[in-house]
>>> print(open('data.txt').read())   # compact mmCIF, C-alpha atoms
# COMPACT_ATOMS: atom_id res chain seq x y z
CA MET A 1022 133.45 24.17 98.47
CA SER A 1023 130.94 22.60 100.83
CA ILE A 1024 132.24 20.93 103.98
CA GLU A 1025 130.82 17.60 102.81
CA LYS A 1026 132.74 17.83 99.52
CA LEU A 1027 135.94 18.93 101.24
CA LEU A 1028 135.74 16.06 103.72
CA PHE A 1029 135.02 13.54 100.99
CA GLU A 1030 138.09 14.68 99.05
CA LYS A 1031 140.32 14.54 102.12
CA LEU A 1032 139.09 11.07 103.09
CA GLU A 1033 138.82 9.36 99.71
CA GLY A 1034 141.75 7.14 98.85
CA HIS A 1035 143.04 7.05 102.43
CA PHE A 1036 140.90 4.21 103.73
CA VAL A 1037 142.43 0.85 104.64
CA GLU A 1038 140.64 -2.35 103.77
CA LYS A 1039 140.26 -4.93 106.52
CA VAL A 1040 139.17 -8.45 105.66
CA PHE A 1041 137.32 -10.34 108.36
CA PRO A 1042 136.94 -14.13 108.51
CA LYS A 1043 134.27 -15.36 106.07
CA GLY A 1044 135.51 -12.76 103.57
CA VAL A 1045 133.65 -9.72 104.90
CA LYS A 1046 135.57 -6.62 103.72
CA VAL A 1047 135.32 -3.32 105.56
CA LYS A 1048 136.82 0.06 104.69
CA VAL A 1049 138.49 1.56 107.76
CA ALA A 1050 139.18 5.26 108.29
CA PRO A 1051 142.47 5.52 110.25
CA GLN A 1052 142.24 7.41 113.53
CA ALA A 1053 145.25 9.60 112.67
CA LEU A 1054 143.60 10.71 109.41
CA LEU A 1055 140.33 11.66 111.10
CA LYS A 1056 142.12 13.52 113.88
CA SER A 1057 144.34 15.45 111.47
CA ILE A 1058 141.38 16.50 109.28
CA SER A 1059 139.50 17.58 112.41
CA HIS A 1060 142.53 19.57 113.59
CA ASN A 1061 143.58 21.11 110.27
CA PHE A 1062 140.11 22.29 109.25
CA GLU A 1063 138.87 23.05 112.79
CA LEU A 1064 135.97 20.67 112.38
CA ASP A 1065 134.29 18.80 115.21
CA LEU A 1066 135.41 15.16 115.19
CA HIS A 1067 131.73 14.19 115.11
CA VAL A 1068 131.38 15.83 111.68
CA VAL A 1069 134.51 14.09 110.39
CA GLU A 1070 133.36 10.66 111.62
CA GLN A 1071 129.96 11.33 110.06
CA ALA A 1072 131.69 11.97 106.72
CA SER A 1073 133.66 8.77 107.13
CA TYR A 1074 130.47 6.74 107.59
CA SER A 1075 128.87 8.55 104.63
CA ALA A 1076 131.86 7.57 102.49
CA GLY A 1077 131.32 3.93 103.50
CA ALA A 1078 134.19 3.64 106.00
CA VAL A 1079 134.14 2.76 109.71
CA PRO A 1080 136.36 4.92 111.94
CA GLU A 1081 139.28 2.83 113.24
CA ARG A 1082 138.26 3.29 116.89
CA TYR A 1083 135.21 1.05 116.35
CA ILE A 1084 136.98 -1.74 114.51
CA ARG A 1085 136.77 -4.17 117.43
CA ASN A 1086 132.98 -3.67 117.50
CA LEU A 1087 132.88 -5.51 114.16
CA ASN A 1088 131.39 -8.00 113.34
CA THR A 1089 129.38 -8.17 116.53
CA PHE A 1090 127.87 -5.12 114.86
CA SER A 1091 127.90 -5.02 111.08
CA GLN A 1092 129.15 -1.88 109.35
CA VAL A 1093 125.54 -0.80 108.77
CA GLU A 1094 124.65 -1.43 112.43
CA GLN A 1095 127.71 0.51 113.63
CA ALA A 1096 126.64 3.45 111.46
CA LYS A 1097 123.16 3.24 113.01
CA LEU A 1098 124.71 3.56 116.49
CA PHE A 1099 126.46 6.72 115.32
CA SER A 1100 123.24 8.30 114.05
CA SER A 1101 121.33 7.39 117.24
CA LYS A 1102 120.42 9.57 120.19
CA VAL A 1103 120.26 8.34 123.78
CA ALA A 1104 118.74 10.29 126.69
CA MET A 1105 120.09 9.05 130.01
CA VAL A 1106 118.94 10.14 133.46
CA GLY A 1107 121.46 9.76 136.29
CA LEU A 1108 125.27 9.91 136.24
CA GLY A 1109 125.92 7.97 139.44
CA GLY A 1110 126.71 4.26 139.83
CA LEU A 1111 124.80 3.02 136.81
CA GLY A 1112 125.11 6.23 134.81
CA GLY A 1113 128.89 6.65 134.95
CA HIS A 1114 129.59 3.15 133.64
CA MET A 1115 126.74 3.52 131.16
CA LEU A 1116 128.12 6.74 129.74
CA GLU A 1117 131.52 5.13 129.25
CA SER A 1118 129.92 2.12 127.58
CA LEU A 1119 127.78 4.13 125.15
CA ALA A 1120 130.58 6.57 124.27
CA ARG A 1121 133.08 3.78 123.58
CA ALA A 1122 130.51 1.84 121.55
CA GLY A 1123 130.08 4.84 119.27
CA VAL A 1124 126.57 6.09 120.03
CA GLY A 1125 126.70 9.43 118.21
CA HIS A 1126 124.41 11.59 120.33
CA ILE A 1127 124.00 11.39 124.09
CA VAL A 1128 122.12 13.74 126.42
CA ALA A 1129 122.41 13.22 130.18
CA CYS A 1130 121.27 14.88 133.36
CA ASP A 1131 122.16 14.76 137.04
CA GLY A 1132 122.14 17.64 139.52
CA ASP A 1133 124.35 15.91 142.08
CA ILE A 1134 127.96 16.37 143.17
CA PHE A 1135 130.40 13.59 144.10
CA GLU A 1136 130.81 12.63 147.74
CA PRO A 1137 133.08 10.05 149.43
CA SER A 1138 130.32 7.39 149.60
CA ASN A 1139 130.23 7.36 145.76
CA LEU A 1140 133.86 6.20 145.51
CA ASN A 1141 133.01 2.50 146.03
CA ARG A 1142 131.33 2.21 142.63
CA GLN A 1143 130.81 5.36 140.58
CA PHE A 1144 133.05 5.38 137.53
CA LEU A 1145 133.07 9.17 137.25
CA SER A 1146 134.00 9.65 140.91
CA SER A 1147 137.62 9.80 142.03
CA GLU A 1148 139.75 11.58 144.59
CA SER A 1149 140.11 14.41 142.10
CA THR A 1150 136.39 14.77 141.35
CA LEU A 1151 135.11 14.84 144.97
CA LEU A 1152 132.65 17.73 145.44
CA MET A 1153 132.68 18.30 141.67
CA LYS A 1154 129.42 18.25 139.72
CA LYS A 1155 128.72 14.83 138.21
CA SER A 1156 127.76 16.59 134.99
CA ALA A 1157 131.21 18.23 134.76
CA ALA A 1158 133.00 14.91 135.26
CA ALA A 1159 130.78 13.43 132.54
CA VAL A 1160 131.89 16.10 130.06
CA GLU A 1161 135.54 15.29 130.82
CA LEU A 1162 134.96 11.56 130.39
CA VAL A 1163 133.35 11.90 126.96
CA LYS A 1164 136.06 14.31 125.82
CA ASN A 1165 138.75 11.83 126.87
CA VAL A 1166 137.09 8.59 125.79
CA ASN A 1167 135.38 9.55 122.54
CA PRO A 1168 135.33 13.20 121.46
CA ALA A 1169 133.34 12.22 118.34
CA VAL A 1170 130.24 11.84 120.53
CA SER A 1171 127.93 14.82 120.45
CA PHE A 1172 127.29 15.17 124.20
CA GLU A 1173 124.97 17.50 126.08
CA VAL A 1174 124.53 17.42 129.83
CA GLU A 1175 122.32 19.25 132.31
CA SER A 1176 123.31 19.66 135.95
CA GLN A 1177 119.73 19.29 137.14
CA PHE A 1178 117.42 16.90 138.94
CA LEU A 1179 114.37 16.53 136.71
CA GLU A 1180 110.93 15.26 137.65
CA GLY A 1181 107.43 14.82 136.27
CA ASP A 1182 106.82 16.49 132.91
CA GLN A 1183 110.32 18.03 132.92
CA PHE A 1184 111.39 14.64 131.62
CA ASP A 1185 109.32 15.17 128.44
CA LYS A 1186 111.45 18.02 127.13
CA PHE A 1187 114.67 16.28 128.17
CA ILE A 1188 113.93 13.03 126.29
CA SER A 1189 112.38 14.72 123.25
CA GLY A 1190 113.90 13.43 120.00
CA ALA A 1191 115.74 10.53 121.67
CA ASP A 1192 115.64 7.03 120.19
CA ILE A 1193 115.88 5.48 123.62
CA VAL A 1194 115.59 6.57 127.26
CA VAL A 1195 117.97 5.09 129.83
CA ASP A 1196 116.98 4.97 133.48
CA CYS A 1197 120.16 5.18 135.59
CA LEU A 1198 118.39 6.83 138.52
CA GLY A 1199 119.25 6.13 142.12
CA GLY A 1200 116.27 5.29 144.34
CA LEU A 1201 112.70 4.56 143.30
CA GLN A 1202 111.12 7.98 143.74
CA HIS A 1203 111.29 9.19 140.11
CA ARG A 1204 111.46 5.95 138.15
CA SER A 1205 107.71 5.71 137.45
CA GLN A 1206 107.68 9.36 136.35
CA LEU A 1207 110.47 8.70 133.85
CA LYS A 1208 108.75 5.57 132.61
CA ASP A 1209 105.49 7.51 132.10
CA ALA A 1210 107.33 10.28 130.20
CA ALA A 1211 109.01 7.74 127.91
CA SER A 1212 105.64 6.11 127.29
CA ARG A 1213 103.93 9.47 126.54
CA ASN A 1214 106.65 10.26 124.02
CA ASN A 1215 106.51 6.78 122.49
CA ILE A 1216 110.17 6.04 123.25
CA PRO A 1217 111.45 2.70 124.61
CA LEU A 1218 113.04 2.77 128.07
CA VAL A 1219 115.80 0.54 129.43
CA THR A 1220 115.84 0.53 133.23
CA ALA A 1221 118.09 -1.01 135.90
CA CYS A 1222 118.00 -1.13 139.70
CA VAL A 1223 120.38 -2.79 142.14
CA ALA A 1224 120.78 -3.49 145.86
CA GLY A 1225 123.51 -5.58 147.48
CA TRP A 1226 124.38 -8.52 145.18
CA ALA A 1227 121.06 -8.32 143.35
CA GLY A 1228 119.68 -6.35 140.46
CA ILE A 1229 117.02 -6.20 137.79
CA VAL A 1230 117.14 -4.89 134.21
CA ALA A 1231 114.15 -4.43 131.92
CA THR A 1232 113.29 -3.00 128.52
CA VAL A 1233 109.98 -1.18 128.62
CA TYR A 1234 108.18 -0.28 125.39
CA PRO A 1235 105.19 2.06 125.71
CA GLY A 1236 102.37 0.10 127.37
CA ASP A 1237 104.67 -2.57 128.83
CA ALA A 1238 104.97 -3.23 132.55
CA SER A 1239 108.13 -2.05 134.31
CA PRO A 1240 109.75 -3.25 137.55
CA ALA A 1241 108.87 0.21 138.93
CA ASP A 1242 105.18 -0.73 138.63
CA PHE A 1243 105.80 -3.52 141.14
CA PHE A 1244 108.18 -1.69 143.46
CA GLY A 1245 106.26 1.55 144.18
CA ASP A 1246 108.14 4.79 144.83
CA ASN A 1247 109.34 4.38 148.41
CA ASP A 1248 112.95 3.51 149.18
CA GLY A 1249 114.05 0.05 148.10
CA LEU A 1250 116.48 -2.27 149.84
CA GLU A 1251 119.52 -0.34 148.63
CA GLU A 1252 119.25 1.68 151.85
CA THR A 1253 119.77 -1.57 153.81
CA LEU A 1254 122.05 -3.54 151.50
CA GLY A 1255 124.10 -0.75 149.98
CA THR A 1256 125.30 -0.76 146.40
CA PRO A 1257 128.65 -2.50 145.94
CA ILE A 1258 130.19 -2.52 142.48
CA PRO A 1259 129.62 -6.09 141.17
CA ALA A 1260 125.84 -5.67 140.87
CA ILE A 1261 126.32 -2.24 139.30
CA SER A 1262 128.65 -3.44 136.57
CA THR A 1263 126.53 -6.54 135.91
CA ALA A 1264 123.39 -4.42 135.55
CA VAL A 1265 125.12 -1.90 133.28
CA GLY A 1266 126.47 -4.68 131.07
CA ILE A 1267 122.99 -6.09 130.51
CA GLN A 1268 121.41 -2.65 130.17
CA SER A 1269 124.03 -1.47 127.69
CA ALA A 1270 123.64 -4.64 125.59
CA GLU A 1271 119.91 -3.99 125.35
CA ILE A 1272 120.45 -0.36 124.33
CA LEU A 1273 123.00 -1.18 121.64
CA LYS A 1274 120.88 -4.03 120.25
CA ILE A 1275 117.84 -1.78 120.01
CA LEU A 1276 119.71 1.15 118.45
CA SER A 1277 121.57 -1.00 115.94
CA GLY A 1278 118.36 -2.68 114.83
CA LYS A 1279 119.16 -6.15 116.20
CA GLY A 1280 116.19 -5.85 118.54
CA ALA A 1281 115.66 -6.05 122.29
CA GLY A 1282 116.04 -9.27 124.22
CA LEU A 1283 114.07 -8.05 127.23
CA ALA A 1284 111.02 -6.36 125.68
CA GLY A 1285 108.21 -6.85 128.21
CA LYS A 1286 110.59 -8.86 130.36
CA ALA A 1287 112.98 -8.33 133.24
CA LEU A 1288 116.28 -10.06 133.82
CA MET A 1289 116.87 -10.45 137.54
CA PHE A 1290 120.11 -11.61 139.08
CA ASP A 1291 121.60 -12.31 142.47
CA LEU A 1292 125.37 -12.68 142.41
CA SER A 1293 125.48 -14.12 145.94
CA GLY A 1294 123.98 -17.38 144.68
CA MET A 1295 124.76 -16.71 140.98
CA ILE A 1296 121.09 -16.98 140.04
CA PHE A 1297 119.69 -15.40 136.89
CA ASP A 1298 116.08 -15.44 135.71
CA THR A 1299 114.39 -13.80 132.74
CA VAL A 1300 110.78 -13.13 133.63
CA THR A 1301 107.86 -11.94 131.52
CA LEU A 1302 106.29 -9.14 133.54
CA MET B 82 105.82 -32.93 144.86
CA ASN B 83 108.81 -30.56 144.80
CA ILE B 84 109.62 -27.09 143.52
CA GLN B 85 112.72 -24.96 143.15
CA ILE B 86 112.49 -21.75 145.21
CA LEU B 87 114.73 -18.77 144.41
CA CYS B 88 115.03 -16.16 147.13
CA TYR B 89 116.49 -12.92 145.75
CA ALA B 90 118.37 -10.12 147.56
CA THR B 91 117.39 -9.82 151.26
CA PHE B 92 115.35 -13.00 150.97
CA ALA B 93 118.54 -15.00 150.25
CA GLU B 94 119.17 -15.44 153.97
CA LYS B 95 115.79 -17.19 154.24
CA SER B 96 116.57 -19.58 151.40
CA PRO B 97 116.20 -23.19 152.64
CA GLU B 98 119.01 -25.75 152.26
CA ASN B 99 116.78 -27.79 149.96
CA ALA B 100 115.82 -24.79 147.80
CA ASN B 101 116.38 -26.81 144.62
CA ASN B 102 114.10 -29.60 145.79
CA PHE B 103 111.64 -27.98 148.17
CA PRO B 104 108.63 -30.15 149.12
CA VAL B 105 105.14 -28.65 148.68
CA TYR B 106 101.67 -30.07 149.18
CA GLU B 107 98.90 -30.24 146.60
CA GLY B 108 97.06 -26.90 146.52
CA GLU B 109 99.77 -24.87 148.26
CA THR B 110 100.36 -21.33 146.94
CA VAL B 111 103.44 -19.16 146.63
CA LYS B 112 102.21 -17.23 149.66
CA ASP B 113 102.10 -20.44 151.74
CA ILE B 114 105.76 -21.09 150.91
CA VAL B 115 106.75 -17.45 151.59
CA VAL B 116 105.13 -17.65 155.04
CA LYS B 117 106.75 -21.04 155.71
CA LEU B 118 110.18 -19.52 154.97
CA ALA B 119 109.45 -16.54 157.30
CA ILE B 120 109.82 -14.08 154.41
CA PRO B 121 107.72 -10.94 155.13
CA VAL B 122 104.84 -11.22 152.64
CA ASP B 123 104.50 -7.45 152.18
CA GLU B 124 108.15 -7.22 151.10
CA VAL B 125 107.61 -9.59 148.15
CA LYS B 126 107.15 -7.35 145.11
CA ILE B 127 107.68 -9.66 142.13
CA VAL B 128 106.72 -13.33 142.11
CA PHE B 129 107.47 -15.53 139.15
CA ILE B 130 106.71 -19.09 138.21
CA ASN B 131 108.59 -20.68 135.32
CA GLY B 132 109.69 -17.34 133.89
CA VAL B 133 106.34 -15.55 134.05
CA SER B 134 105.25 -13.12 136.76
CA ALA B 135 102.51 -14.52 138.96
CA ASP B 136 100.34 -13.69 141.99
CA LEU B 137 101.19 -14.71 145.54
CA ASP B 138 97.96 -16.73 145.41
CA ALA B 139 99.10 -18.82 142.44
CA LYS B 140 98.98 -22.56 143.13
CA LEU B 141 102.16 -24.57 142.73
CA ALA B 142 102.81 -27.61 140.57
CA ASP B 143 105.50 -30.25 140.65
CA GLY B 144 108.80 -29.03 139.14
CA ASP B 145 107.93 -25.31 139.20
CA ARG B 146 110.80 -22.81 139.29
CA VAL B 147 109.51 -20.13 141.65
CA GLY B 148 111.17 -16.82 142.51
CA VAL B 149 110.47 -13.99 144.94
CA PHE B 150 112.03 -10.55 144.52
CA PRO B 151 111.89 -7.50 146.82
CA ALA B 152 111.93 -3.78 145.90
CA VAL B 153 115.38 -2.63 144.84
CA GLY B 154 116.05 0.85 143.53
CA GLY B 155 119.75 1.58 143.84
CA GLY B 156 121.89 2.93 141.06
>>> encode(input="data.txt", output="C-alpha cells")
Amino acid sequence: MSIEKLLFEKLEGHFVEKVFPKGVKVKVAPQALLKSISHNFELDLHVVEQASYSAGAVPERYIRNLNTFSQVEQAKLFSSKVAMVGLGGLGGHMLESLARAGVGHIVACDGDIFEPSNLNRQFLSSESTLLMKKSAAAVELVKNVNPAVSFEVESQFLEGDQFDKFISGADIVVDCLGGLQHRSQLKDAASRNNIPLVTACVAGWAGIVATVYPGDASPADFFGDNDGLEETLGTPIPAISTAVGIQSAEILKILSGKGAGLAGKALMFDLSGMIFDTVTL
Amino acid sequence: MNIQILCYATFAEKSPENANNFPVYEGETVKDIVVKLAIPVDEVKIVFINGVSADLDAKLADGDRVGVFPAVGGG
C-alpha cells in the first residue's frame, strides 16, 4: 500500500468539523491523531500534515489562524518555502513566527554563535545557549515549536553569489541580517532569481520594513553598506519585535496569496514618538 | 505656511517643539529645514513628502508631511 493511501485510510473519518461564524465549516485533524500516526508508522510529521491538507482537513495546531487565513490560504502556507538569512534579533523571532504560522519549508543560515550582548533581544539566545551556534538553537526551536516544518539550516555566513544557491527554489527571501554590509548583495541575489524579498532594519526605537520585488528600490539602496546607527543606538527589543511583526505579516500575506501591503514601499516607525509612515520608495 | 516635520531615530533629538506646525517660507526646500534644525545633511538617507520619497532639494508646500530618516541596519 502506498504511504498516501495508508495515511488517507488512517485519517478518514477521524476529522472533527468546526463551524465558524457566518457558517464557514472546516474539517480539523486532531493533533493527537496526527502525532499518533506519525509515531506508529515512523513518518515525519510533515508528511502526515501534508496528507491531512490533501484530505481537506486543517491540522488542529493552526485552527486559531482561521479565518484570518482561509483553509486554502493555510494550505498554501504549508506548501511554501521561505529562505531566511540571519538568526539573530530579527531572525530568531521570525523563525518562531513562521514556524508557528505553519510555513511548511524553511531554510535559514547564520554562522554566528550566541554571546552575552545578544541576550537583550534575541529569541534563540538564553543562558543555556550562550556560545552555542545560532543554527543549532534554531533546530531546537523548530523541533519544539512545530516539528511539522521541514527545516534546513546552514551554520555559515554567506555573501555575494553564495546567496543564489541558498535562496534557489524559495518563494520568498527574508532579510534578517545584522548590519548593512551584505543587505544589497542579498537584495541583488533575490532580484537575479526573481524572488520577492522582505527586509527589515532597526536601530534604537526606530526601524524600517520593506517588500522588494525584482526591480523595486530597497532601503539598502538609500543606506549604502557602511555601518548604520545601530552601532550608536543599540538594538533594544521593542523595535525588533515591531519590525518582525510587520515583516512576518508581509511574508504570510504574500505566501498565502493575499498579496503584499508594502510592495515598492517601506514602512518606517519610531517608537519614541510613536510615529509610523508608509513611504513609496 | 506650515508643515509637519518627522525626525526619525537619531534625528528625534533635533525635532522642534512645533514639529506638527513648523513654519516654512515660500520656496524653502527640505534641505533648508534640515539645516535649520541642525541635522547633519549627509546623515539624511531617506526623505519623504506626503508618503513618497523625495530629494533634499524638493520644495515644500503648505500642509506637507515631511520625514527624514537616517541609515539603520541593525537586526
>>> closest_atom_pairs(input="data.txt", of="chain A", to="chain B", cutoff="8 Å", atoms="all atoms listed in the file", output="CSV")
residue,atom,partner,partner_atom,distance
A:Gly1109,CA,B:Gly156,CA,6.7
A:Gly1110,CA,B:Gly156,CA,5.1
A:Leu1111,CA,B:Gly156,CA,5.2
A:Gly1112,CA,B:Gly156,CA,7.8
A:Cys1197,CA,B:Gly156,CA,6.2
A:Leu1198,CA,B:Gly156,CA,5.8
A:Gly1199,CA,B:Gly156,CA,4.3
A:Gly1200,CA,B:Gly154,CA,4.5
A:Leu1201,CA,B:Gly154,CA,5.0
A:Ala1221,CA,B:Gly156,CA,7.5
A:Cys1222,CA,B:Gly154,CA,4.7
A:Val1223,CA,B:Gly155,CA,4.7
A:Ala1224,CA,B:Gly155,CA,5.6
A:Gly1225,CA,B:Ala90,CA,6.9
A:Trp1226,CA,B:Ala90,CA,6.7
A:Ala1227,CA,B:Ala90,CA,5.3
A:Gly1228,CA,B:Val153,CA,7.2
A:Phe1243,CA,B:Lys126,CA,5.7
A:Phe1244,CA,B:Ala152,CA,4.9
A:Gly1245,CA,B:Ala152,CA,8.0
A:Asp1248,CA,B:Gly154,CA,7.0
A:Gly1249,CA,B:Val153,CA,4.4
A:Leu1250,CA,B:Val153,CA,5.1
A:Glu1251,CA,B:Gly155,CA,5.2
A:Leu1254,CA,B:Thr91,CA,7.8
A:Gly1255,CA,B:Gly155,CA,7.9
A:Thr1256,CA,B:Gly155,CA,6.5
A:Ile1261,CA,B:Gly156,CA,7.0
A:Phe1290,CA,B:Tyr89,CA,7.7
A:Asp1291,CA,B:Tyr89,CA,6.1
A:Ile1296,CA,B:Leu87,CA,7.9
A:Asp1298,CA,B:Gly132,CA,6.9
A:Thr1299,CA,B:Gly132,CA,6.0
A:Val1300,CA,B:Gly132,CA,4.4
A:Thr1301,CA,B:Val133,CA,4.7
A:Leu1302,CA,B:Ser134,CA,5.2
>>> atom_distance(input="data.txt", atom1="CA of Arg1204 (chain A)", atom2="CA of Pro1257 (chain A)")
20.7 Å
>>> closest_residue(input="data.txt", among="A:Val1265, A:Asp1237, A:Met1105, A:Val1045", to="Leu1207 (chain A)", atoms="all atoms listed in the file")
A:Met1105
>>> closest_residue(input="data.txt", among="A:Lys1164, A:Lys1279, A:Arg1142, A:Lys1102", to="Val1124 (chain A)", atoms="only C-alpha atoms")
A:Lys1102
>>> residues_around(input="data.txt", residues="region 1047-1052 of chain A", least_positions_apart="3", cutoff="6 Å", atoms="all atoms listed in the file", output="list of chain:residue names")
A:Phe1036, A:Val1037, A:Glu1038, A:Lys1039, A:Leu1055, A:Ala1078, A:Val1079, A:Pro1080, A:Glu1081
>>> closest_residue(input="data.txt", among="A:Ala1281, A:Ala1264, A:Leu1218, A:Lys1274", to="Phe1297 (chain A)", atoms="only C-alpha atoms")
A:Ala1264
>>> closest_residue(input="data.txt", among="B:Asp123, B:Val116, B:Glu109, B:Met82", to="Asp138 (chain B)", atoms="only C-alpha atoms")
B:Glu109
>>> atom_distance(input="data.txt", atom1="CA of Val122 (chain B)", atom2="CA of Ser96 (chain B)")
14.5 Å
>>> closest_residue(input="data.txt", among="A:Glu1175, A:Leu1288, A:Val1160, A:His1114", to="Cys1130 (chain A)", atoms="only C-alpha atoms")
A:Glu1175
>>> atom_distance(input="data.txt", atom1="CA of Gln1183 (chain A)", atom2="CA of Asn1214 (chain A)")
12.4 Å
>>> closest_residue(input="data.txt", among="A:Glu1161, A:Glu1180, A:Glu1025, A:Asp1196", to="Ala1120 (chain A)", atoms="all atoms listed in the file")
A:Glu1161
>>> decode(input="data.txt", residues="region 1289-1301 of chain A", atoms="N, CA, C and O atoms", output="PDB file, in the first residue's frame")
ATOM      1  N   MET A1289       8.155  52.858   7.877  1.00  0.00           N
ATOM      2  CA  MET A1289       9.148  53.266   8.867  1.00  0.00           C
ATOM      3  C   MET A1289       8.446  53.641  10.159  1.00  0.00           C
ATOM      4  O   MET A1289       7.312  54.139  10.139  1.00  0.00           O
ATOM      5  N   PHE A1290       9.101  53.339  11.261  1.00  0.00           N
ATOM      6  CA  PHE A1290       8.475  53.642  12.553  1.00  0.00           C
ATOM      7  C   PHE A1290       9.527  54.149  13.523  1.00  0.00           C
ATOM      8  O   PHE A1290      10.723  53.859  13.386  1.00  0.00           O
ATOM      9  N   ASP A1291       9.062  54.942  14.471  1.00  0.00           N
ATOM     10  CA  ASP A1291       9.918  55.372  15.580  1.00  0.00           C
ATOM     11  C   ASP A1291       9.065  55.309  16.841  1.00  0.00           C
ATOM     12  O   ASP A1291       8.150  56.122  17.019  1.00  0.00           O
ATOM     13  N   LEU A1292       9.343  54.336  17.685  1.00  0.00           N
ATOM     14  CA  LEU A1292       8.501  54.090  18.849  1.00  0.00           C
ATOM     15  C   LEU A1292       8.718  55.129  19.949  1.00  0.00           C
ATOM     16  O   LEU A1292       7.930  55.205  20.881  1.00  0.00           O
ATOM     17  N   SER A1293       9.766  55.958  19.825  1.00  0.00           N
ATOM     18  CA  SER A1293       9.960  57.004  20.845  1.00  0.00           C
ATOM     19  C   SER A1293       8.851  58.048  20.733  1.00  0.00           C
ATOM     20  O   SER A1293       8.333  58.504  21.741  1.00  0.00           O
ATOM     21  N   GLY A1294       8.471  58.395  19.514  1.00  0.00           N
ATOM     22  CA  GLY A1294       7.384  59.356  19.325  1.00  0.00           C
ATOM     23  C   GLY A1294       6.134  58.681  18.798  1.00  0.00           C
ATOM     24  O   GLY A1294       5.160  59.354  18.449  1.00  0.00           O
ATOM     25  N   MET A1295       6.144  57.343  18.680  1.00  0.00           N
ATOM     26  CA  MET A1295       5.040  56.568  18.108  1.00  0.00           C
ATOM     27  C   MET A1295       4.622  57.115  16.740  1.00  0.00           C
ATOM     28  O   MET A1295       3.452  57.364  16.480  1.00  0.00           O
ATOM     29  N   ILE A1296       5.627  57.318  15.877  1.00  0.00           N
ATOM     30  CA  ILE A1296       5.311  57.754  14.515  1.00  0.00           C
ATOM     31  C   ILE A1296       5.515  56.597  13.534  1.00  0.00           C
ATOM     32  O   ILE A1296       6.445  55.802  13.665  1.00  0.00           O
ATOM     33  N   PHE A1297       4.587  56.511  12.584  1.00  0.00           N
ATOM     34  CA  PHE A1297       4.589  55.461  11.579  1.00  0.00           C
ATOM     35  C   PHE A1297       4.291  56.103  10.223  1.00  0.00           C
ATOM     36  O   PHE A1297       3.344  56.871  10.110  1.00  0.00           O
ATOM     37  N   ASP A1298       5.099  55.810   9.236  1.00  0.00           N
ATOM     38  CA  ASP A1298       4.831  56.316   7.886  1.00  0.00           C
ATOM     39  C   ASP A1298       5.059  55.208   6.870  1.00  0.00           C
ATOM     40  O   ASP A1298       6.039  54.470   6.966  1.00  0.00           O
ATOM     41  N   THR A1299       4.155  55.115   5.900  1.00  0.00           N
ATOM     42  CA  THR A1299       4.364  54.205   4.777  1.00  0.00           C
ATOM     43  C   THR A1299       4.740  55.061   3.579  1.00  0.00           C
ATOM     44  O   THR A1299       4.012  55.981   3.212  1.00  0.00           O
ATOM     45  N   VAL A1300       5.921  54.746   3.024  1.00  0.00           N
ATOM     46  CA  VAL A1300       6.502  55.632   2.008  1.00  0.00           C
ATOM     47  C   VAL A1300       6.781  54.855   0.722  1.00  0.00           C
ATOM     48  O   VAL A1300       7.392  53.777   0.762  1.00  0.00           O
ATOM     49  N   THR A1301       6.344  55.382  -0.392  1.00  0.00           N
ATOM     50  CA  THR A1301       6.690  54.806  -1.692  1.00  0.00           C
ATOM     51  C   THR A1301       8.126  55.180  -2.005  1.00  0.00           C
ATOM     52  O   THR A1301       8.465  56.368  -2.040  1.00  0.00           O
TER      53      THR A1301
END
